[in-house]
$ cat data27.cif   # mmCIF, C-alpha atoms and all ligand atoms
data_final
#
loop_
_atom_site.group_PDB
_atom_site.id
_atom_site.type_symbol
_atom_site.label_atom_id
_atom_site.label_comp_id
_atom_site.auth_asym_id
_atom_site.auth_seq_id
_atom_site.Cartn_x
_atom_site.Cartn_y
_atom_site.Cartn_z
ATOM 1 C CA MET A 1 -38.227 -46.629 -22.106
ATOM 2 C CA ILE A 2 -40.361 -49.702 -21.750
ATOM 3 C CA LEU A 3 -40.757 -50.234 -25.514
ATOM 4 C CA ASP A 4 -37.098 -49.716 -26.442
ATOM 5 C CA SER A 5 -36.662 -53.333 -27.463
ATOM 6 C CA TYR A 6 -39.399 -52.860 -30.068
ATOM 7 C CA ARG A 7 -37.587 -50.032 -31.835
ATOM 8 C CA ILE A 8 -36.022 -50.667 -35.232
ATOM 9 C CA ALA A 9 -32.512 -49.246 -35.277
ATOM 10 C CA THR A 10 -31.477 -49.542 -38.912
ATOM 11 C CA GLU A 11 -33.485 -48.850 -42.027
ATOM 12 C CA PRO A 12 -35.296 -51.928 -43.342
ATOM 13 C CA TYR A 13 -34.880 -51.878 -47.128
ATOM 14 C CA TYR A 14 -38.240 -51.307 -48.768
ATOM 15 C CA GLN A 15 -38.811 -50.725 -52.467
ATOM 16 C CA PRO A 16 -42.090 -48.842 -52.977
ATOM 17 C CA GLN A 17 -44.607 -50.047 -55.553
ATOM 18 C CA GLY A 18 -47.019 -47.115 -55.641
ATOM 19 C CA GLN A 19 -48.558 -44.660 -53.211
ATOM 20 C CA GLU A 20 -48.280 -46.928 -50.167
ATOM 21 C CA ILE A 21 -45.785 -44.810 -48.225
ATOM 22 C CA ALA A 22 -47.762 -41.584 -48.711
ATOM 23 C CA THR A 23 -50.994 -43.413 -47.837
ATOM 24 C CA PHE A 24 -49.517 -44.867 -44.672
ATOM 25 C CA LEU A 25 -48.067 -41.503 -43.597
ATOM 26 C CA ALA A 26 -51.422 -39.747 -44.098
ATOM 27 C CA ALA A 27 -53.296 -42.459 -42.195
ATOM 28 C CA TYR A 28 -50.726 -42.387 -39.396
ATOM 29 C CA HIS A 29 -50.987 -38.614 -39.222
ATOM 30 C CA GLU A 30 -54.720 -39.019 -38.631
ATOM 31 C CA ARG A 31 -54.151 -42.118 -36.451
ATOM 32 C CA LEU A 32 -56.478 -44.106 -38.665
ATOM 33 C CA PRO A 33 -56.125 -47.888 -38.563
ATOM 34 C CA ILE A 34 -54.644 -49.498 -41.665
ATOM 35 C CA MET A 35 -55.206 -52.819 -43.393
ATOM 36 C CA LEU A 36 -52.397 -54.221 -45.588
ATOM 37 C CA LYS A 37 -53.948 -56.545 -48.153
ATOM 38 C CA GLY A 38 -52.077 -58.870 -50.443
ATOM 39 C CA PRO A 39 -50.779 -62.359 -51.131
ATOM 40 C CA THR A 40 -48.083 -64.066 -49.093
ATOM 41 C CA GLY A 41 -44.475 -62.928 -49.454
ATOM 42 C CA CYS A 42 -45.190 -59.668 -51.271
ATOM 43 C CA GLY A 43 -43.666 -57.256 -48.755
ATOM 44 C CA LYS A 44 -46.345 -56.449 -46.166
ATOM 45 C CA THR A 45 -44.191 -57.232 -43.141
ATOM 46 C CA ARG A 46 -41.184 -55.499 -44.653
ATOM 47 C CA PHE A 47 -43.338 -52.442 -45.356
ATOM 48 C CA ILE A 48 -44.610 -52.094 -41.785
ATOM 49 C CA GLU A 49 -41.058 -52.502 -40.452
ATOM 50 C CA HIS A 50 -39.902 -49.792 -42.818
ATOM 51 C CA MET A 51 -42.740 -47.459 -41.824
ATOM 52 C CA ALA A 52 -42.166 -47.974 -38.094
ATOM 53 C CA TRP A 53 -38.500 -47.144 -38.645
ATOM 54 C CA ARG A 54 -39.368 -44.100 -40.783
ATOM 55 C CA LEU A 55 -41.766 -42.765 -38.144
ATOM 56 C CA GLY A 56 -39.366 -43.625 -35.304
ATOM 57 C CA LYS A 57 -42.043 -45.617 -33.473
ATOM 58 C CA PRO A 58 -41.738 -48.985 -31.761
ATOM 59 C CA LEU A 59 -43.404 -51.881 -33.590
ATOM 60 C CA ILE A 60 -45.186 -54.664 -31.723
ATOM 61 C CA THR A 61 -46.165 -57.580 -33.958
ATOM 62 C CA VAL A 62 -48.773 -60.173 -33.032
ATOM 63 C CA ALA A 63 -49.417 -63.205 -35.224
ATOM 64 C CA ALA A 64 -53.107 -64.016 -35.063
ATOM 65 C CA HIS A 65 -54.208 -67.655 -34.933
ATOM 66 C CA GLU A 66 -57.479 -69.455 -34.436
ATOM 67 C CA ASP A 67 -56.936 -70.243 -30.752
ATOM 68 C CA MET A 68 -56.032 -66.674 -29.940
ATOM 69 C CA THR A 69 -58.234 -65.213 -27.239
ATOM 70 C CA ALA A 70 -58.909 -61.633 -26.297
ATOM 71 C CA ALA A 71 -56.608 -62.174 -23.279
ATOM 72 C CA ASP A 72 -53.713 -63.050 -25.590
ATOM 73 C CA LEU A 73 -54.030 -59.542 -26.977
ATOM 74 C CA ALA A 74 -55.144 -57.588 -23.941
ATOM 75 C CA GLY A 75 -53.413 -59.323 -21.034
ATOM 76 C CA ARG A 76 -54.103 -61.552 -18.058
ATOM 77 C CA TYR A 77 -53.420 -62.143 -14.387
ATOM 78 C CA LEU A 78 -50.557 -64.543 -13.731
ATOM 79 C CA LEU A 79 -49.752 -66.269 -10.495
ATOM 80 C CA GLU A 80 -46.460 -65.068 -9.031
ATOM 81 C CA PRO A 81 -44.845 -65.642 -5.617
ATOM 82 C CA SER A 82 -46.256 -62.310 -4.452
ATOM 83 C CA GLY A 83 -49.773 -63.192 -5.616
ATOM 84 C CA THR A 84 -51.597 -62.653 -8.873
ATOM 85 C CA VAL A 85 -50.104 -59.916 -11.000
ATOM 86 C CA TRP A 86 -51.621 -58.309 -14.062
ATOM 87 C CA HIS A 87 -49.534 -58.522 -17.256
ATOM 88 C CA ASP A 88 -50.372 -56.296 -20.192
ATOM 89 C CA GLY A 89 -50.734 -58.226 -23.451
ATOM 90 C CA PRO A 90 -48.975 -56.999 -26.596
ATOM 91 C CA LEU A 91 -51.923 -54.904 -27.754
ATOM 92 C CA THR A 92 -52.252 -53.225 -24.379
ATOM 93 C CA LEU A 93 -48.522 -52.489 -24.300
ATOM 94 C CA ALA A 94 -48.805 -50.746 -27.645
ATOM 95 C CA VAL A 95 -51.936 -48.836 -26.621
ATOM 96 C CA ARG A 96 -50.575 -47.734 -23.264
ATOM 97 C CA HIS A 97 -47.063 -46.731 -24.305
ATOM 98 C CA GLY A 98 -47.554 -45.652 -27.903
ATOM 99 C CA ALA A 99 -46.378 -48.234 -30.427
ATOM 100 C CA ILE A 100 -47.562 -49.337 -33.823
ATOM 101 C CA CYS A 101 -49.286 -52.679 -33.272
ATOM 102 C CA TYR A 102 -49.178 -55.019 -36.274
ATOM 103 C CA LEU A 103 -51.785 -57.771 -36.133
ATOM 104 C CA ASP A 104 -50.639 -60.261 -38.727
ATOM 105 C CA GLU A 105 -53.210 -62.478 -40.509
ATOM 106 C CA ILE A 106 -56.148 -61.047 -38.652
ATOM 107 C CA VAL A 107 -58.717 -63.347 -40.347
ATOM 108 C CA GLU A 108 -57.194 -66.284 -38.477
ATOM 109 C CA ALA A 109 -58.550 -64.903 -35.203
ATOM 110 C CA ARG A 110 -62.064 -65.699 -34.073
ATOM 111 C CA GLN A 111 -64.556 -62.907 -34.497
ATOM 112 C CA ASP A 112 -65.111 -62.542 -30.758
ATOM 113 C CA THR A 113 -61.389 -61.809 -30.469
ATOM 114 C CA THR A 114 -61.430 -59.374 -33.344
ATOM 115 C CA VAL A 115 -64.038 -57.177 -31.706
ATOM 116 C CA VAL A 116 -61.617 -56.139 -28.916
ATOM 117 C CA ILE A 117 -60.083 -53.831 -31.479
ATOM 118 C CA HIS A 118 -63.372 -52.084 -32.237
ATOM 119 C CA PRO A 119 -63.332 -49.396 -29.520
ATOM 120 C CA LEU A 120 -59.672 -48.783 -30.399
ATOM 121 C CA THR A 121 -60.329 -48.259 -34.064
ATOM 122 C CA ASP A 122 -63.129 -45.741 -33.926
ATOM 123 C CA ALA A 123 -63.331 -42.244 -32.514
ATOM 124 C CA ARG A 124 -63.129 -43.570 -28.924
ATOM 125 C CA ARG A 125 -59.544 -44.875 -29.160
ATOM 126 C CA ILE A 126 -59.859 -46.818 -25.923
ATOM 127 C CA LEU A 127 -59.088 -50.371 -24.882
ATOM 128 C CA PRO A 128 -61.428 -51.669 -22.180
ATOM 129 C CA LEU A 129 -59.721 -54.294 -20.018
ATOM 130 C CA ASP A 130 -62.749 -55.962 -18.471
ATOM 131 C CA LYS A 131 -60.704 -58.436 -16.444
ATOM 132 C CA HIS A 132 -58.517 -55.677 -14.993
ATOM 133 C CA ASN A 133 -61.357 -53.231 -14.479
ATOM 134 C CA GLU A 134 -59.584 -50.595 -16.484
ATOM 135 C CA ILE A 135 -60.187 -48.551 -19.585
ATOM 136 C CA VAL A 136 -56.907 -47.684 -21.268
ATOM 137 C CA PRO A 137 -57.017 -44.559 -23.438
ATOM 138 C CA ALA A 138 -54.727 -44.937 -26.435
ATOM 139 C CA HIS A 139 -51.398 -43.107 -26.280
ATOM 140 C CA SER A 140 -51.205 -40.407 -28.960
ATOM 141 C CA ASP A 141 -48.553 -42.409 -30.865
ATOM 142 C CA PHE A 142 -50.595 -45.621 -30.919
ATOM 143 C CA GLN A 143 -51.628 -46.958 -34.304
ATOM 144 C CA LEU A 144 -53.091 -50.293 -35.359
ATOM 145 C CA THR A 145 -52.176 -52.006 -38.625
ATOM 146 C CA ILE A 146 -53.549 -55.389 -39.650
ATOM 147 C CA SER A 147 -52.663 -57.684 -42.517
ATOM 148 C CA TYR A 148 -55.088 -59.645 -44.548
ATOM 149 C CA ASN A 149 -54.571 -62.066 -47.429
ATOM 150 C CA PRO A 150 -57.690 -61.838 -49.591
ATOM 151 C CA GLY A 151 -56.658 -65.066 -51.370
ATOM 152 C CA TYR A 152 -57.602 -67.341 -48.478
ATOM 153 C CA GLN A 153 -60.896 -65.620 -48.028
ATOM 154 C CA SER A 154 -63.908 -67.792 -47.356
ATOM 155 C CA ALA A 155 -67.310 -66.968 -45.962
ATOM 156 C CA VAL A 156 -66.397 -68.278 -42.494
ATOM 157 C CA LYS A 157 -63.017 -66.606 -42.481
ATOM 158 C CA ASP A 158 -63.850 -63.135 -43.630
ATOM 159 C CA LEU A 159 -63.721 -60.061 -41.470
ATOM 160 C CA LYS A 160 -66.988 -58.704 -40.150
ATOM 161 C CA GLU A 161 -68.289 -55.762 -42.109
ATOM 162 C CA SER A 162 -68.062 -53.649 -38.955
ATOM 163 C CA THR A 163 -64.373 -54.548 -38.641
ATOM 164 C CA LYS A 164 -63.418 -53.969 -42.284
ATOM 165 C CA GLN A 165 -65.106 -50.641 -42.506
ATOM 166 C CA ARG A 166 -62.916 -49.186 -39.781
ATOM 167 C CA PHE A 167 -59.725 -49.418 -41.831
ATOM 168 C CA ILE A 168 -57.835 -47.531 -44.499
ATOM 169 C CA ALA A 169 -56.637 -50.220 -46.921
ATOM 170 C CA ILE A 170 -53.423 -50.524 -48.885
ATOM 171 C CA ASP A 171 -53.313 -53.142 -51.601
ATOM 172 C CA PHE A 172 -50.059 -55.001 -52.232
ATOM 173 C CA GLY A 173 -49.464 -57.126 -55.253
ATOM 174 C CA TYR A 174 -46.445 -58.432 -57.067
ATOM 175 C CA PRO A 175 -44.511 -55.376 -58.249
ATOM 176 C CA PRO A 176 -43.732 -54.727 -61.937
ATOM 177 C CA PRO A 177 -40.950 -57.040 -63.232
ATOM 178 C CA ALA A 178 -38.156 -54.455 -63.127
ATOM 179 C CA THR A 179 -38.992 -53.532 -59.528
ATOM 180 C CA GLU A 180 -39.354 -57.130 -58.436
ATOM 181 C CA SER A 181 -36.027 -58.040 -60.089
ATOM 182 C CA ALA A 182 -34.329 -55.230 -58.196
ATOM 183 C CA ILE A 183 -35.801 -56.521 -54.921
ATOM 184 C CA VAL A 184 -34.764 -60.108 -55.653
ATOM 185 C CA ALA A 185 -31.234 -59.046 -56.615
ATOM 186 C CA ARG A 186 -30.799 -56.907 -53.544
ATOM 187 C CA GLU A 187 -32.280 -59.395 -51.073
ATOM 188 C CA SER A 188 -30.746 -62.605 -52.430
ATOM 189 C CA GLY A 189 -27.463 -61.318 -53.800
ATOM 190 C CA ALA A 190 -28.356 -62.762 -57.223
ATOM 191 C CA ASP A 191 -26.938 -60.913 -60.228
ATOM 192 C CA ALA A 192 -29.294 -58.905 -62.430
ATOM 193 C CA ASP A 193 -29.679 -61.662 -65.064
ATOM 194 C CA LEU A 194 -30.580 -64.320 -62.544
ATOM 195 C CA ALA A 195 -32.986 -61.986 -60.737
ATOM 196 C CA ARG A 196 -34.760 -61.203 -64.010
ATOM 197 C CA LEU A 197 -34.962 -64.895 -64.863
ATOM 198 C CA LEU A 198 -36.466 -65.720 -61.467
ATOM 199 C CA VAL A 199 -39.090 -63.042 -61.954
ATOM 200 C CA THR A 200 -39.954 -64.488 -65.383
ATOM 201 C CA ILE A 201 -40.373 -67.886 -63.744
ATOM 202 C CA ALA A 202 -42.626 -66.321 -61.129
ATOM 203 C CA GLU A 203 -44.782 -64.784 -63.838
ATOM 204 C CA ARG A 204 -45.273 -68.227 -65.396
ATOM 205 C CA SER A 205 -46.328 -69.632 -62.042
ATOM 206 C CA ARG A 206 -48.702 -66.717 -61.494
ATOM 207 C CA ASN A 207 -50.394 -67.597 -64.777
ATOM 208 C CA LEU A 208 -51.283 -70.945 -63.190
ATOM 209 C CA GLN A 209 -53.087 -69.176 -60.386
ATOM 210 C CA GLY A 210 -56.681 -70.325 -60.395
ATOM 211 C CA HIS A 211 -55.658 -73.232 -62.661
ATOM 212 C CA GLY A 212 -54.401 -75.472 -59.905
ATOM 213 C CA LEU A 213 -52.353 -73.021 -57.863
ATOM 214 C CA ASP A 214 -53.986 -70.921 -55.148
ATOM 215 C CA GLU A 215 -51.213 -68.367 -55.452
ATOM 216 C CA GLY A 216 -48.227 -68.023 -57.745
ATOM 217 C CA ALA A 217 -44.616 -67.901 -56.548
ATOM 218 C CA SER A 218 -44.091 -65.005 -54.143
ATOM 219 C CA THR A 219 -41.216 -62.547 -54.129
ATOM 220 C CA ARG A 220 -40.069 -64.377 -50.996
ATOM 221 C CA MET A 221 -39.770 -67.670 -52.943
ATOM 222 C CA LEU A 222 -37.684 -65.983 -55.618
ATOM 223 C CA ILE A 223 -35.340 -64.617 -52.981
ATOM 224 C CA HIS A 224 -34.969 -68.056 -51.414
ATOM 225 C CA THR A 225 -34.280 -69.602 -54.803
ATOM 226 C CA GLY A 226 -31.687 -66.934 -55.583
ATOM 227 C CA ARG A 227 -29.988 -67.682 -52.285
ATOM 228 C CA MET A 228 -29.911 -71.411 -53.070
ATOM 229 C CA VAL A 229 -28.147 -70.610 -56.341
ATOM 230 C CA ARG A 230 -25.701 -68.369 -54.518
ATOM 231 C CA ALA A 231 -25.044 -71.225 -52.108
ATOM 232 C CA GLY A 232 -23.865 -73.250 -55.090
ATOM 233 C CA LEU A 233 -26.898 -75.226 -56.212
ATOM 234 C CA PRO A 234 -27.483 -75.577 -59.986
ATOM 235 C CA LEU A 235 -30.362 -73.345 -61.101
ATOM 236 C CA PRO A 236 -32.822 -76.129 -62.107
ATOM 237 C CA VAL A 237 -32.376 -77.814 -58.718
ATOM 238 C CA ALA A 238 -32.742 -74.533 -56.865
ATOM 239 C CA VAL A 239 -35.934 -73.761 -58.776
ATOM 240 C CA GLN A 240 -37.395 -77.184 -57.965
ATOM 241 C CA SER A 241 -36.615 -76.954 -54.265
ATOM 242 C CA GLY A 242 -37.337 -73.257 -53.929
ATOM 243 C CA ILE A 243 -40.489 -72.927 -56.012
ATOM 244 C CA VAL A 244 -42.039 -76.077 -57.517
ATOM 245 C CA LEU A 245 -41.957 -78.419 -54.515
ATOM 246 C CA PRO A 246 -43.089 -75.985 -51.816
ATOM 247 C CA ILE A 247 -45.936 -74.499 -53.820
ATOM 248 C CA THR A 248 -47.947 -77.637 -54.642
ATOM 249 C CA ASP A 249 -48.234 -81.326 -53.844
ATOM 250 C CA ASN A 250 -50.287 -82.125 -56.921
ATOM 251 C CA PRO A 251 -48.118 -84.107 -59.401
ATOM 252 C CA ASP A 252 -49.982 -82.766 -62.452
ATOM 253 C CA ILE A 253 -49.579 -79.159 -61.370
ATOM 254 C CA ARG A 254 -45.927 -79.799 -60.529
ATOM 255 C CA ALA A 255 -45.409 -81.148 -64.034
ATOM 256 C CA ALA A 256 -47.219 -78.217 -65.635
ATOM 257 C CA LEU A 257 -45.223 -75.741 -63.568
ATOM 258 C CA SER A 258 -41.926 -77.507 -64.299
ATOM 259 C CA ASP A 259 -42.696 -77.422 -68.035
ATOM 260 C CA ALA A 260 -43.537 -73.731 -67.915
ATOM 261 C CA ILE A 261 -40.310 -73.060 -66.024
ATOM 262 C CA GLU A 262 -38.124 -75.193 -68.247
ATOM 263 C CA ALA A 263 -39.150 -73.061 -71.195
ATOM 264 C CA CYS A 264 -37.565 -70.021 -69.497
ATOM 265 C CA LEU A 265 -34.301 -71.632 -68.396
ATOM 266 C CA PRO A 266 -31.200 -70.806 -70.439
HETATM 267 N N1 LIG B 1 -41.210 -53.965 -51.801
HETATM 268 C C1 LIG B 1 -40.232 -54.681 -51.203
HETATM 269 N N2 LIG B 1 -39.096 -54.085 -50.812
HETATM 270 C C2 LIG B 1 -38.124 -54.804 -50.225
HETATM 271 N N3 LIG B 1 -38.179 -56.118 -49.984
HETATM 272 C C3 LIG B 1 -39.292 -56.769 -50.365
HETATM 273 C C4 LIG B 1 -40.374 -56.082 -50.979
HETATM 274 N N4 LIG B 1 -41.334 -56.992 -51.257
HETATM 275 C C5 LIG B 1 -40.888 -58.173 -50.835
HETATM 276 N N5 LIG B 1 -39.658 -58.055 -50.285
HETATM 277 C C6 LIG B 1 -38.834 -59.156 -49.810
HETATM 278 O O1 LIG B 1 -39.678 -60.292 -49.747
HETATM 279 C C7 LIG B 1 -39.624 -60.900 -48.461
HETATM 280 C C8 LIG B 1 -40.997 -61.327 -48.067
HETATM 281 O O2 LIG B 1 -41.783 -60.200 -47.786
HETATM 282 P P1 LIG B 1 -42.654 -60.069 -46.446
HETATM 283 O O3 LIG B 1 -42.131 -60.976 -45.400
HETATM 284 O O4 LIG B 1 -42.779 -58.632 -46.140
HETATM 285 O O5 LIG B 1 -44.028 -60.656 -47.023
HETATM 286 P P2 LIG B 1 -45.489 -60.593 -46.408
HETATM 287 O O6 LIG B 1 -46.309 -59.867 -47.406
HETATM 288 O O7 LIG B 1 -45.441 -60.092 -45.027
HETATM 289 O O8 LIG B 1 -45.896 -62.130 -46.453
HETATM 290 P P3 LIG B 1 -46.836 -62.988 -45.436
HETATM 291 O O9 LIG B 1 -48.257 -62.597 -45.807
HETATM 292 O O10 LIG B 1 -46.532 -64.396 -45.810
HETATM 293 O O11 LIG B 1 -46.453 -62.624 -44.054
HETATM 294 C C9 LIG B 1 -39.038 -59.847 -47.538
HETATM 295 O O12 LIG B 1 -38.280 -60.437 -46.524
HETATM 296 C C10 LIG B 1 -38.182 -59.021 -48.452
HETATM 297 O O13 LIG B 1 -36.904 -59.637 -48.570
HETATM 298 MG MG MG B 2 -45.743 -61.031 -43.165
#

$ encode --input "data27.cif" --output "structure tokens" --more "lines below"
Ligand SMILES: Nc1ncnc2c1ncn2[C@@H]1O[C@H](COP(=O)(O)OP(=O)(O)OP(=O)(O)O)[C@@H](O)[C@H]1O
Ligand SMILES: [Mg+2]
Amino acid sequence: MILDSYRIATEPYYQPQGQEIATFLAAYHERLPIMLKGPTGCGKTRFIEHMAWRLGKPLITVAAHEDMTAADLAGRYLLEPSGTVWHDGPLTLAVRHGAICYLDEIVEARQDTTVVIHPLTDARRILPLDKHNEIVPAHSDFQLTISYNPGYQSAVKDLKESTKQRFIAIDFGYPPPATESAIVARESGADADLARLLVTIAERSRNLQGHGLDEGASTRMLIHTGRMVRAGLPLPVAVQSGIVLPITDNPDIRAALSDAIEACLP
């Protein structure tokens, strides 16, 4: 099959936080488009990989960016020795052959690009390819999921109302401490004590959110820090390089964060 390389063979570990699996399954059953909302490094990508695996569907991921054009999603003619040949873009591949398409960081795309998904995400379920003179009806397995980090939201970079209102939304946040510790332990190989300590550190950093930090330390950062410790680095050094230095360049905030962290270290 043409999409075989997009299939996920082994189960991606995903620790649920709430009703997100049931919500996704219901939305998929109805082929409703889904929006995963939440801060960076909180498990959105892992979740969609897990769901694609669970449903046995191929997953095509597209990272949106500000120079992305509709053709980057839909496809374009390319010059080949035999002449110009049409190449389906990643969205068209998913629509035509029945994959889950994951559009990562959708707000990065320009609004004129975003509207190509409109006829796909309402009752029509079609993708018009103007340049190719074709209207592609969505395969029955096709589903569109987008991700969206509300933290970076600004008036210019918000989704249009007509885009937002097409989606079922699932909110992701940092999981409760016990759950997050389990994730950190499993993903970094840190022992339970270290994982719990890293989560405590993250909570301190999250308290600085809005007071100098745009976002607190993500689960991803804790995993990286745990791995640095496993690789032999002393904990205070790992915490500096894994959390404090990446998260801010402001010396005052670095100092405040370091102080808050030091208070938790054994
Ligand atoms: N609920 C979870 N279950 C299992 N692993 C998780 C979970 N949440 C976070 N992780 C771990 O955290 C890492 C980062 O998560 P992920 O890449 O899914 O974040 P994201 O929300 O997609 O972030 P971004 O918005 O930056 O793309 C994952 O690689 C995984 O190791
Ligand atoms: Mg991601």

$ residues_near_ligand --input "data27.cif" --ligand "ligand LIG 1 (chain B)" --cutoff "10 Å" --atoms "all atoms listed in the file" --output "JSON, numbers by chain"
{"A": [12, 13, 14, 15, 16, 17, 18, 36, 37, 38, 39, 40, 41, 42, 43, 44, 45, 46, 47, 48, 49, 50, 63, 104, 105, 147, 148, 149, 172, 173, 174, 175, 179, 180, 182, 183, 184, 185, 186, 187, 188, 218, 219, 220, 221, 222, 223, 224]}

$ closest_residue --input "data27.cif" --among "A:His132, A:Lys157, A:Arg230, A:His97" --to "Thr84 of chain A" --atoms "all atoms listed in the file"
A:His132

$ residues_around --input "data27.cif" --residues "segment 257-259 of chain A" --least-positions-apart "2" --cutoff "9 Å" --atoms "all atoms listed in the file" --output "number ranges by chain"
A: 204-205, 208, 239-240, 244, 252-255, 261-263

$ resolve_selection --input "data27.cif" --expression "the PyMOL selection byres (((chain A and resi 198) around 9) and not hetatm)" --output "list in words"
Ser181, Val184, Asp193, Leu194, Ala195, Arg196, Leu197, Val199, Thr200, Ile201, Ala202, Glu203, Leu222, Ile223, Thr225, Gly226 and Val239 of chain A

$ atom_distance --input "data27.cif" --atom1 "atom CA of Tyr102 of chain A" --atom2 "atom CA of Ile2 of chain A"
17.8 Å

$ resolve_selection --input "data27.cif" --expression "the PyMOL selection byres (((chain A and resi 94) around 9) and not hetatm)" --output "VMD selection string"
chain A and resid 3 58 to 60 89 to 93 95 to 101 138 to 139 141 to 144

$ residues_around --input "data27.cif" --residues "segment 66-69 of chain A" --least-positions-apart "6" --cutoff "12 Å" --atoms "all atoms listed in the file" --output "PyMOL selection string"
chain A and resi 75-76+89+103+105-116+157

$ axis_aligned_box --input "data27.cif" --around "segment 9-16 of chain A" --padding-each-side "4 Å" --output "lines of an AutoDock Vina configuration file"
center_x = -36.8
center_y = -50.4
center_z = -44.1
size_x = 18.6
size_y = 11.1
size_z = 25.7

$ residues_around --input "data27.cif" --residues "Gln19 of chain A" --least-positions-apart "5" --cutoff "12 Å" --atoms "all atoms listed in the file" --output "PDB file with C-alpha atoms, keeping the file's coordinate frame"
ATOM      1  CA  PHE A  24     -49.517 -44.867 -44.672  1.00  0.00           C
ATOM      2  CA  LEU A  25     -48.067 -41.503 -43.597  1.00  0.00           C
ATOM      3  CA  ALA A  26     -51.422 -39.747 -44.098  1.00  0.00           C
ATOM      4  CA  ALA A 169     -56.637 -50.220 -46.921  1.00  0.00           C
ATOM      5  CA  ILE A 170     -53.423 -50.524 -48.885  1.00  0.00           C
ATOM      6  CA  ASP A 171     -53.313 -53.142 -51.601  1.00  0.00           C
ATOM      7  CA  PHE A 172     -50.059 -55.001 -52.232  1.00  0.00           C
TER       8      PHE A 172
END

$ atom_distance --input "data27.cif" --atom1 "atom CA of Arg166 of chain A" --atom2 "atom CA of Pro128 of chain A"
17.8 Å

$ resolve_selection --input "data27.cif" --expression "the PyMOL selection byres (((chain A and resi 163) around 10) and not hetatm)" --output "PDB file with C-alpha atoms, keeping the file's coordinate frame"
ATOM      1  CA  GLN A 111     -64.556 -62.907 -34.497  1.00  0.00           C
ATOM      2  CA  THR A 114     -61.430 -59.374 -33.344  1.00  0.00           C
ATOM      3  CA  VAL A 115     -64.038 -57.177 -31.706  1.00  0.00           C
ATOM      4  CA  ILE A 117     -60.083 -53.831 -31.479  1.00  0.00           C
ATOM      5  CA  HIS A 118     -63.372 -52.084 -32.237  1.00  0.00           C
ATOM      6  CA  THR A 121     -60.329 -48.259 -34.064  1.00  0.00           C
ATOM      7  CA  ASP A 158     -63.850 -63.135 -43.630  1.00  0.00           C
ATOM      8  CA  LEU A 159     -63.721 -60.061 -41.470  1.00  0.00           C
ATOM      9  CA  LYS A 160     -66.988 -58.704 -40.150  1.00  0.00           C
ATOM     10  CA  GLU A 161     -68.289 -55.762 -42.109  1.00  0.00           C
ATOM     11  CA  SER A 162     -68.062 -53.649 -38.955  1.00  0.00           C
ATOM     12  CA  LYS A 164     -63.418 -53.969 -42.284  1.00  0.00           C
ATOM     13  CA  GLN A 165     -65.106 -50.641 -42.506  1.00  0.00           C
ATOM     14  CA  ARG A 166     -62.916 -49.186 -39.781  1.00  0.00           C
ATOM     15  CA  PHE A 167     -59.725 -49.418 -41.831  1.00  0.00           C
TER      16      PHE A 167
END

$ residues_near_point --input "data27.cif" --point "(-36.9, -50.4, -38.2)" --cutoff "7 Å" --atoms "only C-alpha atoms" --output "PDB file with C-alpha atoms, keeping the file's coordinate frame"
ATOM      1  CA  ARG A   7     -37.587 -50.032 -31.835  1.00  0.00           C
ATOM      2  CA  ILE A   8     -36.022 -50.667 -35.232  1.00  0.00           C
ATOM      3  CA  ALA A   9     -32.512 -49.246 -35.277  1.00  0.00           C
ATOM      4  CA  THR A  10     -31.477 -49.542 -38.912  1.00  0.00           C
ATOM      5  CA  GLU A  11     -33.485 -48.850 -42.027  1.00  0.00           C
ATOM      6  CA  PRO A  12     -35.296 -51.928 -43.342  1.00  0.00           C
ATOM      7  CA  GLU A  49     -41.058 -52.502 -40.452  1.00  0.00           C
ATOM      8  CA  HIS A  50     -39.902 -49.792 -42.818  1.00  0.00           C
ATOM      9  CA  ALA A  52     -42.166 -47.974 -38.094  1.00  0.00           C
ATOM     10  CA  TRP A  53     -38.500 -47.144 -38.645  1.00  0.00           C
TER      11      TRP A  53
END

$ atom_distance --input "data27.cif" --atom1 "atom CA of Thr23 of chain A" --atom2 "atom CA of Asp4 of chain A"
26.3 Å
